[in-house]
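*Asks:* Pasting my_file.cif here (mmCIF, C-alpha atoms and all ligand atoms):
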data_target
#
loop_
_atom_site.group_PDB
_atom_site.id
_atom_site.type_symbol
_atom_site.label_atom_id
_atom_site.label_comp_id
_atom_site.auth_asym_id
_atom_site.auth_seq_id
_atom_site.Cartn_x
_atom_site.Cartn_y
_atom_site.Cartn_z
ATOM 1 C CA MET A 1 28.351 2.238 23.630
ATOM 2 C CA ASN A 2 30.898 -0.430 24.507
ATOM 3 C CA SER A 3 29.035 -3.711 24.172
ATOM 4 C CA GLU A 4 31.597 -5.391 26.485
ATOM 5 C CA LYS A 5 30.156 -3.251 29.238
ATOM 6 C CA THR A 6 26.544 -4.064 28.486
ATOM 7 C CA ARG A 7 26.531 -7.624 29.683
ATOM 8 C CA VAL A 8 23.167 -9.010 30.790
ATOM 9 C CA PRO A 9 23.211 -9.811 34.507
ATOM 10 C CA SER A 10 23.559 -13.551 35.057
ATOM 11 C CA ALA A 11 22.629 -14.088 31.391
ATOM 12 C CA ASN A 12 20.437 -16.779 32.856
ATOM 13 C CA GLY A 13 17.198 -16.996 30.950
ATOM 14 C CA ASP A 14 15.641 -19.024 33.744
ATOM 15 C CA ALA A 15 16.602 -16.775 36.628
ATOM 16 C CA ALA A 16 13.737 -15.888 38.920
ATOM 17 C CA LEU A 17 12.099 -12.609 38.003
ATOM 18 C CA ASN A 18 12.501 -11.276 41.491
ATOM 19 C CA ASP A 19 15.913 -12.334 42.575
ATOM 20 C CA LYS A 20 16.418 -9.382 44.924
ATOM 21 C CA GLU A 21 19.184 -11.005 46.938
ATOM 22 C CA ASN A 22 21.543 -11.185 43.969
ATOM 23 C CA MET A 23 20.573 -7.810 42.611
ATOM 24 C CA SER A 24 23.350 -5.492 43.636
ATOM 25 C CA LYS A 25 26.228 -7.842 42.838
ATOM 26 C CA GLU A 26 24.719 -8.597 39.432
ATOM 27 C CA LEU A 27 24.207 -5.034 38.226
ATOM 28 C CA PRO A 28 25.486 -4.733 34.649
ATOM 29 C CA ALA A 29 28.735 -2.779 34.361
ATOM 30 C CA GLY A 30 28.216 0.964 34.504
ATOM 31 C CA LEU A 31 24.673 0.921 35.847
ATOM 32 C CA LYS A 32 24.029 2.650 39.144
ATOM 33 C CA GLU A 33 21.336 1.353 41.426
ATOM 34 C CA GLU A 34 20.536 4.819 42.786
ATOM 35 C CA LEU A 35 19.888 6.203 39.282
ATOM 36 C CA MET A 36 17.590 3.419 38.117
ATOM 37 C CA PRO A 37 14.342 4.680 36.596
ATOM 38 C CA LYS A 38 11.241 3.933 38.643
ATOM 39 C CA HIS A 39 9.028 3.511 35.607
ATOM 40 C CA ILE A 40 10.026 2.514 32.069
ATOM 41 C CA ALA A 41 7.334 3.098 29.444
ATOM 42 C CA MET A 42 7.800 1.323 26.126
ATOM 43 C CA ILE A 43 6.268 2.267 22.800
ATOM 44 C CA VAL A 44 6.893 -0.949 20.936
ATOM 45 C CA ASP A 45 7.097 -0.409 17.210
ATOM 46 C CA GLY A 46 8.474 -2.064 14.101
ATOM 47 C CA ASN A 47 6.985 -5.547 14.495
ATOM 48 C CA ARG A 48 5.628 -5.679 10.960
ATOM 49 C CA ARG A 49 8.758 -4.222 9.329
ATOM 50 C CA TRP A 50 10.840 -6.779 11.219
ATOM 51 C CA ALA A 51 8.740 -9.637 9.785
ATOM 52 C CA VAL A 52 8.609 -8.212 6.237
ATOM 53 C CA ASN A 53 12.415 -7.843 6.271
ATOM 54 C CA LYS A 54 12.571 -11.559 6.965
ATOM 55 C CA GLY A 55 10.175 -12.387 4.126
ATOM 56 C CA LEU A 56 7.305 -13.187 6.514
ATOM 57 C CA PRO A 57 3.763 -11.771 6.588
ATOM 58 C CA GLY A 58 3.941 -8.487 8.538
ATOM 59 C CA MET A 59 1.597 -9.531 11.329
ATOM 60 C CA PHE A 60 3.853 -12.446 12.277
ATOM 61 C CA GLY A 61 6.119 -9.793 13.770
ATOM 62 C CA HIS A 62 3.667 -9.386 16.659
ATOM 63 C CA ASN A 63 4.440 -12.912 17.866
ATOM 64 C CA ALA A 64 8.149 -12.126 17.640
ATOM 65 C CA GLY A 65 7.472 -8.986 19.705
ATOM 66 C CA ARG A 66 5.764 -11.078 22.345
ATOM 67 C CA THR A 67 8.736 -13.455 22.409
ATOM 68 C CA ILE A 68 11.224 -10.715 23.332
ATOM 69 C CA LEU A 69 9.004 -9.504 26.138
ATOM 70 C CA MET A 70 9.931 -11.977 28.873
ATOM 71 C CA PRO A 71 13.739 -11.493 28.662
ATOM 72 C CA LEU A 72 13.138 -7.734 28.898
ATOM 73 C CA LEU A 73 10.802 -8.090 31.855
ATOM 74 C CA ARG A 74 13.146 -10.512 33.555
ATOM 75 C CA LEU A 75 15.856 -7.863 33.393
ATOM 76 C CA CYS A 76 13.521 -5.102 34.634
ATOM 77 C CA SER A 77 12.515 -7.288 37.518
ATOM 78 C CA GLN A 78 16.130 -8.129 38.364
ATOM 79 C CA LEU A 79 16.893 -4.422 38.352
ATOM 80 C CA GLN A 80 13.891 -3.864 40.630
ATOM 81 C CA ILE A 81 12.239 -1.405 38.272
ATOM 82 C CA LYS A 82 8.967 -0.534 39.981
ATOM 83 C CA VAL A 83 6.742 -0.131 36.912
ATOM 84 C CA VAL A 84 7.090 -1.149 33.251
ATOM 85 C CA SER A 85 4.343 -0.173 30.840
ATOM 86 C CA PHE A 86 3.826 -1.203 27.212
ATOM 87 C CA PHE A 87 1.724 0.430 24.516
ATOM 88 C CA VAL A 88 0.286 -2.757 23.050
ATOM 89 C CA PHE A 89 -2.784 -1.558 21.115
ATOM 90 C CA SER A 90 -3.953 2.010 20.513
ATOM 91 C CA THR A 91 -7.489 3.185 19.797
ATOM 92 C CA GLU A 92 -6.213 3.950 16.281
ATOM 93 C CA ASN A 93 -5.008 0.372 15.716
ATOM 94 C CA TRP A 94 -8.591 -0.797 15.014
ATOM 95 C CA ARG A 95 -8.116 0.758 11.563
ATOM 96 C CA ARG A 96 -5.673 -2.011 10.617
ATOM 97 C CA PRO A 97 -6.957 -4.868 8.404
ATOM 98 C CA THR A 98 -9.435 -7.100 10.286
ATOM 99 C CA GLU A 99 -7.186 -10.110 9.778
ATOM 100 C CA GLU A 100 -4.319 -8.320 11.515
ATOM 101 C CA VAL A 101 -6.503 -6.968 14.342
ATOM 102 C CA ASP A 102 -7.821 -10.493 15.005
ATOM 103 C CA PHE A 103 -4.274 -11.854 14.974
ATOM 104 C CA LEU A 104 -3.081 -9.108 17.323
ATOM 105 C CA MET A 105 -5.941 -9.791 19.733
ATOM 106 C CA LYS A 106 -4.936 -13.463 19.851
ATOM 107 C CA VAL A 107 -1.357 -12.393 20.662
ATOM 108 C CA VAL A 108 -2.704 -10.178 23.467
ATOM 109 C CA GLU A 109 -4.761 -13.115 24.775
ATOM 110 C CA ASP A 110 -1.588 -15.249 24.899
ATOM 111 C CA LEU A 111 0.209 -12.351 26.517
ATOM 112 C CA LEU A 112 -2.318 -12.208 29.365
ATOM 113 C CA ARG A 113 -2.958 -15.936 29.679
ATOM 114 C CA ILE A 114 0.548 -17.365 29.329
ATOM 115 C CA ASP A 115 2.993 -14.527 30.059
ATOM 116 C CA GLY A 116 0.615 -13.005 32.634
ATOM 117 C CA GLU A 117 0.536 -16.285 34.527
ATOM 118 C CA GLU A 118 4.329 -16.572 34.485
ATOM 119 C CA LEU A 119 4.756 -12.980 35.627
ATOM 120 C CA HIS A 120 2.303 -13.584 38.452
ATOM 121 C CA SER A 121 4.166 -16.720 39.510
ATOM 122 C CA HIS A 122 7.297 -14.566 39.853
ATOM 123 C CA GLY A 123 5.590 -11.991 42.056
ATOM 124 C CA CYS A 124 4.857 -9.320 39.441
ATOM 125 C CA ARG A 125 1.625 -7.371 39.378
ATOM 126 C CA VAL A 126 -0.095 -7.258 35.975
ATOM 127 C CA SER A 127 -2.630 -4.597 34.931
ATOM 128 C CA VAL A 128 -4.372 -3.714 31.700
ATOM 129 C CA MET A 129 -5.326 -0.097 31.020
ATOM 130 C CA GLY A 130 -7.513 1.378 28.307
ATOM 131 C CA ASP A 131 -11.143 1.205 27.220
ATOM 132 C CA LYS A 132 -11.811 -2.450 27.900
ATOM 133 C CA THR A 133 -15.489 -2.263 26.922
ATOM 134 C CA LYS A 134 -14.492 -2.587 23.250
ATOM 135 C CA LEU A 135 -12.423 -5.731 23.861
ATOM 136 C CA SER A 136 -13.742 -9.250 23.344
ATOM 137 C CA GLU A 137 -15.377 -11.019 26.296
ATOM 138 C CA THR A 138 -12.410 -13.394 26.404
ATOM 139 C CA LEU A 139 -9.923 -10.533 26.673
ATOM 140 C CA GLN A 140 -12.003 -8.732 29.299
ATOM 141 C CA LYS A 141 -12.186 -11.941 31.331
ATOM 142 C CA LEU A 142 -8.455 -12.679 30.997
ATOM 143 C CA SER A 143 -7.643 -9.126 31.948
ATOM 144 C CA ALA A 144 -9.913 -9.169 35.031
ATOM 145 C CA GLU A 145 -8.515 -12.556 36.097
ATOM 146 C CA ILE A 146 -4.820 -11.639 35.918
ATOM 147 C CA GLU A 147 -5.403 -8.250 37.548
ATOM 148 C CA GLU A 148 -7.313 -9.828 40.420
ATOM 149 C CA LYS A 149 -4.843 -12.672 40.886
ATOM 150 C CA SER A 150 -1.732 -10.488 40.848
ATOM 151 C CA ARG A 151 -3.099 -7.382 42.616
ATOM 152 C CA ALA A 152 -1.292 -7.966 45.911
ATOM 153 C CA ASN A 153 2.079 -8.863 44.327
ATOM 154 C CA SER A 154 4.893 -6.539 45.309
ATOM 155 C CA GLY A 155 7.299 -7.202 42.412
ATOM 156 C CA THR A 156 7.538 -5.137 39.226
ATOM 157 C CA HIS A 157 4.152 -3.759 38.191
ATOM 158 C CA ILE A 158 3.605 -4.464 34.488
ATOM 159 C CA ILE A 159 0.969 -2.408 32.733
ATOM 160 C CA PHE A 160 -0.296 -3.334 29.272
ATOM 161 C CA ALA A 161 -2.093 -0.505 27.462
ATOM 162 C CA VAL A 162 -4.759 -2.079 25.253
ATOM 163 C CA ASN A 163 -7.270 0.031 23.300
ATOM 164 C CA TYR A 164 -5.582 2.989 24.951
ATOM 165 C CA SER A 165 -5.431 6.674 23.994
ATOM 166 C CA GLY A 166 -3.755 9.330 26.133
ATOM 167 C CA LYS A 167 -6.130 12.019 24.849
ATOM 168 C CA HIS A 168 -9.152 9.845 25.575
ATOM 169 C CA ASP A 169 -7.880 9.225 29.101
ATOM 170 C CA ILE A 170 -7.662 12.998 29.716
ATOM 171 C CA ILE A 171 -11.183 13.547 28.333
ATOM 172 C CA ARG A 172 -12.524 10.796 30.611
ATOM 173 C CA ALA A 173 -10.929 12.530 33.583
ATOM 174 C CA CYS A 174 -12.473 15.895 32.569
ATOM 175 C CA ARG A 175 -15.927 14.351 32.173
ATOM 176 C CA SER A 176 -15.731 12.655 35.548
ATOM 177 C CA LEU A 177 -14.593 15.843 37.309
ATOM 178 C CA ALA A 178 -17.266 17.911 35.515
ATOM 179 C CA THR A 179 -19.907 15.480 36.800
ATOM 180 C CA GLN A 180 -18.487 15.660 40.326
ATOM 181 C CA VAL A 181 -18.620 19.474 40.234
ATOM 182 C CA LYS A 182 -22.181 19.412 38.867
ATOM 183 C CA ASP A 183 -23.236 16.970 41.629
ATOM 184 C CA GLY A 184 -21.604 19.130 44.305
ATOM 185 C CA VAL A 185 -19.040 16.450 45.258
ATOM 186 C CA ILE A 186 -16.141 18.895 44.786
ATOM 187 C CA LEU A 187 -15.702 22.590 43.978
ATOM 188 C CA SER A 188 -14.080 23.473 40.645
ATOM 189 C CA ASN A 189 -11.319 25.389 42.420
ATOM 190 C CA GLN A 190 -10.411 22.239 44.385
ATOM 191 C CA ILE A 191 -9.274 20.512 41.182
ATOM 192 C CA ASN A 192 -5.507 20.222 41.152
ATOM 193 C CA GLU A 193 -2.904 17.903 39.592
ATOM 194 C CA THR A 194 -3.264 15.297 42.349
ATOM 195 C CA ILE A 195 -7.038 15.122 42.024
ATOM 196 C CA PHE A 196 -6.839 15.088 38.226
ATOM 197 C CA ALA A 197 -4.292 12.246 38.214
ATOM 198 C CA GLN A 198 -6.661 10.148 40.324
ATOM 199 C CA GLU A 199 -9.159 10.153 37.454
ATOM 200 C CA LEU A 200 -6.713 8.648 34.955
ATOM 201 C CA TYR A 201 -6.283 4.955 34.146
ATOM 202 C CA THR A 202 -3.013 5.112 36.078
ATOM 203 C CA LYS A 203 -4.690 5.912 39.395
ATOM 204 C CA PHE A 204 -2.840 3.059 41.063
ATOM 205 C CA VAL A 205 -1.999 3.686 44.701
ATOM 206 C CA ASP A 206 1.706 3.487 43.986
ATOM 207 C CA PHE A 207 2.342 4.916 40.537
ATOM 208 C CA PRO A 208 5.512 6.798 39.614
ATOM 209 C CA CYS A 209 5.218 8.620 36.278
ATOM 210 C CA PRO A 210 7.519 7.240 33.549
ATOM 211 C CA ASP A 211 10.999 8.669 33.976
ATOM 212 C CA LEU A 212 12.231 6.787 30.889
ATOM 213 C CA VAL A 213 10.233 6.316 27.678
ATOM 214 C CA ILE A 214 11.703 4.021 25.036
ATOM 215 C CA ARG A 215 10.446 3.867 21.462
ATOM 216 C CA THR A 216 11.782 1.349 18.983
ATOM 217 C CA SER A 217 11.952 1.385 15.163
ATOM 218 C CA GLY A 218 13.245 4.897 14.519
ATOM 219 C CA GLU A 219 9.996 6.869 14.818
ATOM 220 C CA ILE A 220 10.546 10.014 16.890
ATOM 221 C CA ARG A 221 7.144 10.616 18.483
ATOM 222 C CA ILE A 222 5.061 9.534 21.454
ATOM 223 C CA SER A 223 1.882 8.697 19.520
ATOM 224 C CA ASN A 224 -0.761 9.452 22.142
ATOM 225 C CA PHE A 225 0.744 7.298 24.914
ATOM 226 C CA MET A 226 0.431 8.541 28.534
ATOM 227 C CA LEU A 227 0.351 12.247 27.578
ATOM 228 C CA TRP A 228 -0.279 13.571 31.085
ATOM 229 C CA GLN A 229 2.100 11.146 32.750
ATOM 230 C CA MET A 230 5.022 11.864 30.362
ATOM 231 C CA ALA A 231 5.296 15.569 31.191
ATOM 232 C CA TYR A 232 8.853 15.157 32.555
ATOM 233 C CA SER A 233 9.954 11.874 30.984
ATOM 234 C CA ASN A 234 13.334 11.318 29.374
ATOM 235 C CA LEU A 235 12.820 10.053 25.840
ATOM 236 C CA TYR A 236 15.002 7.378 24.246
ATOM 237 C CA PHE A 237 14.626 6.450 20.584
ATOM 238 C CA THR A 238 16.329 3.531 18.883
ATOM 239 C CA LYS A 239 16.268 2.424 15.259
ATOM 240 C CA LYS A 240 15.991 -1.236 16.239
ATOM 241 C CA TYR A 241 12.679 -2.944 15.505
ATOM 242 C CA PHE A 242 11.030 -4.172 18.686
ATOM 243 C CA PRO A 243 11.613 -7.929 18.108
ATOM 244 C CA ASP A 244 15.361 -7.137 17.878
ATOM 245 C CA PHE A 245 15.359 -5.042 21.077
ATOM 246 C CA GLY A 246 16.837 -7.392 23.653
ATOM 247 C CA PRO A 247 18.096 -7.053 27.238
ATOM 248 C CA ASN A 248 21.463 -5.657 26.103
ATOM 249 C CA ASP A 249 19.644 -2.876 24.216
ATOM 250 C CA LEU A 250 17.638 -2.114 27.328
ATOM 251 C CA ILE A 251 20.860 -1.836 29.294
ATOM 252 C CA GLU A 252 22.177 0.583 26.680
ATOM 253 C CA ALA A 253 19.025 2.703 27.068
ATOM 254 C CA LEU A 254 19.451 2.632 30.853
ATOM 255 C CA LEU A 255 23.080 3.710 30.571
ATOM 256 C CA ALA A 256 22.048 6.621 28.332
ATOM 257 C CA PHE A 257 19.307 7.543 30.810
ATOM 258 C CA GLN A 258 21.673 7.409 33.768
ATOM 259 C CA GLY A 259 24.218 9.497 31.864
ATOM 260 C CA GLN A 260 21.642 12.276 31.586
ATOM 261 C CA ASN A 261 20.547 11.966 35.173
ATOM 262 C CA ASP A 262 23.761 11.629 37.131
ATOM 263 C CA VAL A 263 22.898 14.664 39.214
ATOM 264 C CA LEU A 264 19.608 14.170 41.015
ATOM 265 C CA CYS A 265 17.703 17.370 41.701
HETATM 266 C C1 LIG A 301 3.563 -5.822 25.239
HETATM 267 C C2 LIG A 301 4.096 -6.369 23.998
HETATM 268 C C3 LIG A 301 5.395 -5.915 23.606
HETATM 269 C C4 LIG A 301 3.375 -7.281 23.292
HETATM 270 C C5 LIG A 301 3.843 -8.117 22.203
HETATM 271 C C6 LIG A 301 3.923 -7.468 20.887
HETATM 272 C C7 LIG A 301 2.666 -6.854 20.434
HETATM 273 C C8 LIG A 301 1.397 -7.620 20.425
HETATM 274 C C9 LIG A 301 2.744 -5.633 20.011
HETATM 275 C C10 LIG A 301 1.604 -4.928 19.443
HETATM 276 C C11 LIG A 301 1.934 -3.481 19.325
HETATM 277 C C12 LIG A 301 2.188 -3.038 17.974
HETATM 278 C C13 LIG A 301 1.020 -2.739 17.141
HETATM 279 C C14 LIG A 301 3.508 -2.890 17.635
HETATM 280 C C15 LIG A 301 3.969 -2.084 16.594
HETATM 281 O O1 LIG A 301 4.469 -2.720 15.470
HETATM 282 P P1 LIG A 301 3.820 -2.275 14.099
HETATM 283 O O2 LIG A 301 2.749 -3.246 13.756
HETATM 284 O O3 LIG A 301 3.346 -0.854 14.188
HETATM 285 O O4 LIG A 301 5.039 -2.407 13.137
HETATM 286 P P2 LIG A 301 5.451 -1.418 11.961
HETATM 287 O O5 LIG A 301 5.769 -0.100 12.603
HETATM 288 O O6 LIG A 301 6.640 -2.102 11.368
HETATM 289 O O7 LIG A 301 4.287 -1.354 11.019
#
Please render this file's structure as structure tokens.

*Replies:*
Amino acid sequence: MNSEKTRVPSANGDAALNDKENMSKELPAGLKEELMPKHIAMIVDGNRRWAVNKGLPGMFGHNAGRTILMPLLRLCSQLQIKVVSFFVFSTENWRRPTEEVDFLMKVVEDLLRIDGEELHSHGCRVSVMGDKTKLSETLQKLSAEIEEKSRANSGTHIIFAVNYSGKHDIIRACRSLATQVKDGVILSNQINETIFAQELYTKFVDFPCPDLVIRTSGEIRISNFMLWQMAYSNLYFTKKYFPDFGPNDLIEALLAFQGQNDVLC
């Protein structure tokens, strides 16, 4: 990809997150507004390897991952991407050393308290999906607060998946529908894709499924992220570790996505 072409719009770190007026004239070279994905899902990976490569303790990479988040979200917002979701913490991540889990949870608290507040102030909606019952009281409170505060915002909807498992989400949906059938609320033959989708964590009123999934750090798998929702997603894998994945890399991913989708069907 020609890096000359992948200039960040305005390259202004302080630009408002929802600068719709300047949007079209500031589109990075080569990007087409009509082919922009509606939902970008990100499987962020490589934080620890990034830190170890720099001679730092692995878990410090999570802070570096958080640092790259706002420039990426600023770009998504400028491009008027409707939804951006991040796989922050999986149900399997509890198996990491306690010290790292505690550190990660503190990073997620900062993410919701500090970044969440900034995103809200720029008109973004912030949601947290996953089994929140296993999260600390502080995290549950922070999550409820930012969701409530930002619910009516019409800017980019940012979804953080915390203690999330795609398989678990599907099992939850099955259990709920089984109970509804048992209680006579619906008939089993009334269950269809629309009804099923309304039982998932992503049952937001306005929720496009991810059309672009990006995974950093060279692993070629989707690791139990939105399994149902990714049925038709385009997948983009990059070798870069997440803390090195900046706005220009996102533009490169968007150009690759648009190159595969230049004929809408
Ligand atoms: C939403 C967002 C981006 C938040 C900020 C960063 C953050 C807290 C990410 C946590 C997710 C995570 C476990 C990343 C993977 O790196 P890894 O630990 O698996 O690294 P490795 O593959 O090198 O071991």

*Asks:* Which residues would end up in the selection if the PyMOL selection byres (((not hetatm)) within 6 of (chain A and resi 301)) were applied here, given that I need the answer as a VMD selection string?

*Replies:* chain A and resid 44 to 49 62 65 to 66 69 86 88 to 89 104 107 to 108

*Asks:* Distance atom CA of His157 of chain A-atom CA of Phe87 of chain A, one decimal place?

*Replies:* 14.5 Å

*Asks:* What lies within 9 Å of segment 176-178 of chain A using all atoms listed in the file, ignoring chain neighbours under 6 positions off, as a ChimeraX atom specification?

*Replies:* /A:186,188,191,195-196,199

*Asks:* What does the PyMOL selection byres (((chain A and resi 158) around 9) and not hetatm) select in this file, as a VMD selection string?

*Replies:* chain A and resid 73 82 to 86 119 124 to 128 156 to 157 159 to 160

*Asks:* Run the PyMOL selection byres (((chain A and resi 225-235) around 9) and not hetatm) on the file and write out the hits as a ChimeraX atom specification.

*Replies:* /A:41,43,87,90,161,164-167,169-170,197,200,202,208-215,222-224,236-237,257,260

*Asks:* Restricting the calculation to all atoms listed in the file: of A:Leu250, A:Ala256, A:Leu111, A:Met59, which residue gets closest to Arg74 of chain A?

*Replies:*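 Between A:Leu250, A:Ala256, A:Leu111, A:Met59, the residue approaching Arg74 of chain A most closely is A:Leu250.
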
*Asks:* Given the choices A:Pro28, A:Gly155, A:Gly55, A:Pro97, which gets closest to Ile81 of chain A if the distance is worked out from all atoms listed in the file?

*Replies:* A:Gly155

*Asks:* As an exercise, work out the distance from atom CA of Glu26 of chain A to atom CA of Leu79 of chain A in Å and give it to one decimal place.

*Replies:*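 Separation between atom CA of Glu26 of chain A and atom CA of Leu79 of chain A: 8.9 Å.
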
*Asks:* Report, in Å with one decimal, the straight-line distance from atom CA of Glu147 of chain A to atom CA of Asn63 of chain A.

*Replies:*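 For atom CA of Glu147 of chain A relative to atom CA of Asn63 of chain A, the distance reads 22.5 Å.
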
*Asks:* Contacts of Thr238 of chain A at 7 Å or less, counting only C-alpha atoms, minus same-chain residues fewer than 4 places along, as number ranges by chain?

*Replies:* A: 215-218

*Asks:* Of the candidates A:Lys203, A:Leu72, A:Ala253, A:Met42, which shows the shortest atom-to-atom distance to Met129 of chain A, using all atoms listed in the file?

*Replies:*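 Closest candidate: A:Lys203.
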
*Asks:* Have a look at A:Leu56, A:Leu31, A:Ile146, A:Val101 and name the one nearest to Gly259 of chain A; count only C-alpha atoms.

*Replies:* A:Leu31

*Asks:* Do you know which residues are at most 12 Å from Ser136 of chain A counting all atoms listed in the file, after dropping those on the same chain fewer than 4 positions away, and could you put them as a list of chain:residue names?

*Replies:*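 Final neighbour list, sorted by chain and number: A:Val101, A:Asp102, A:Met105, A:Lys106, A:Val108, A:Glu109, A:Asp131, A:Lys132, A:Gln140, A:Lys141, A:Leu142, A:Ser143, A:Val162, A:Asn163.
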
*Asks:* Go through A:Ala152, A:Ala29, A:Leu112, A:Cys174 and flag the residue nearest Asn192 of chain A, using only C-alpha atoms for the distances.

*Replies:* A:Cys174

*Asks:* Between A:Ile40, A:Glu117, A:Tyr241, A:Leu255, which one has atoms that come closest to Met70 of chain A, using all atoms listed in the file?

*Replies:*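 The shortest atom-to-atom distance to Met70 of chain A comes from A:Glu117.
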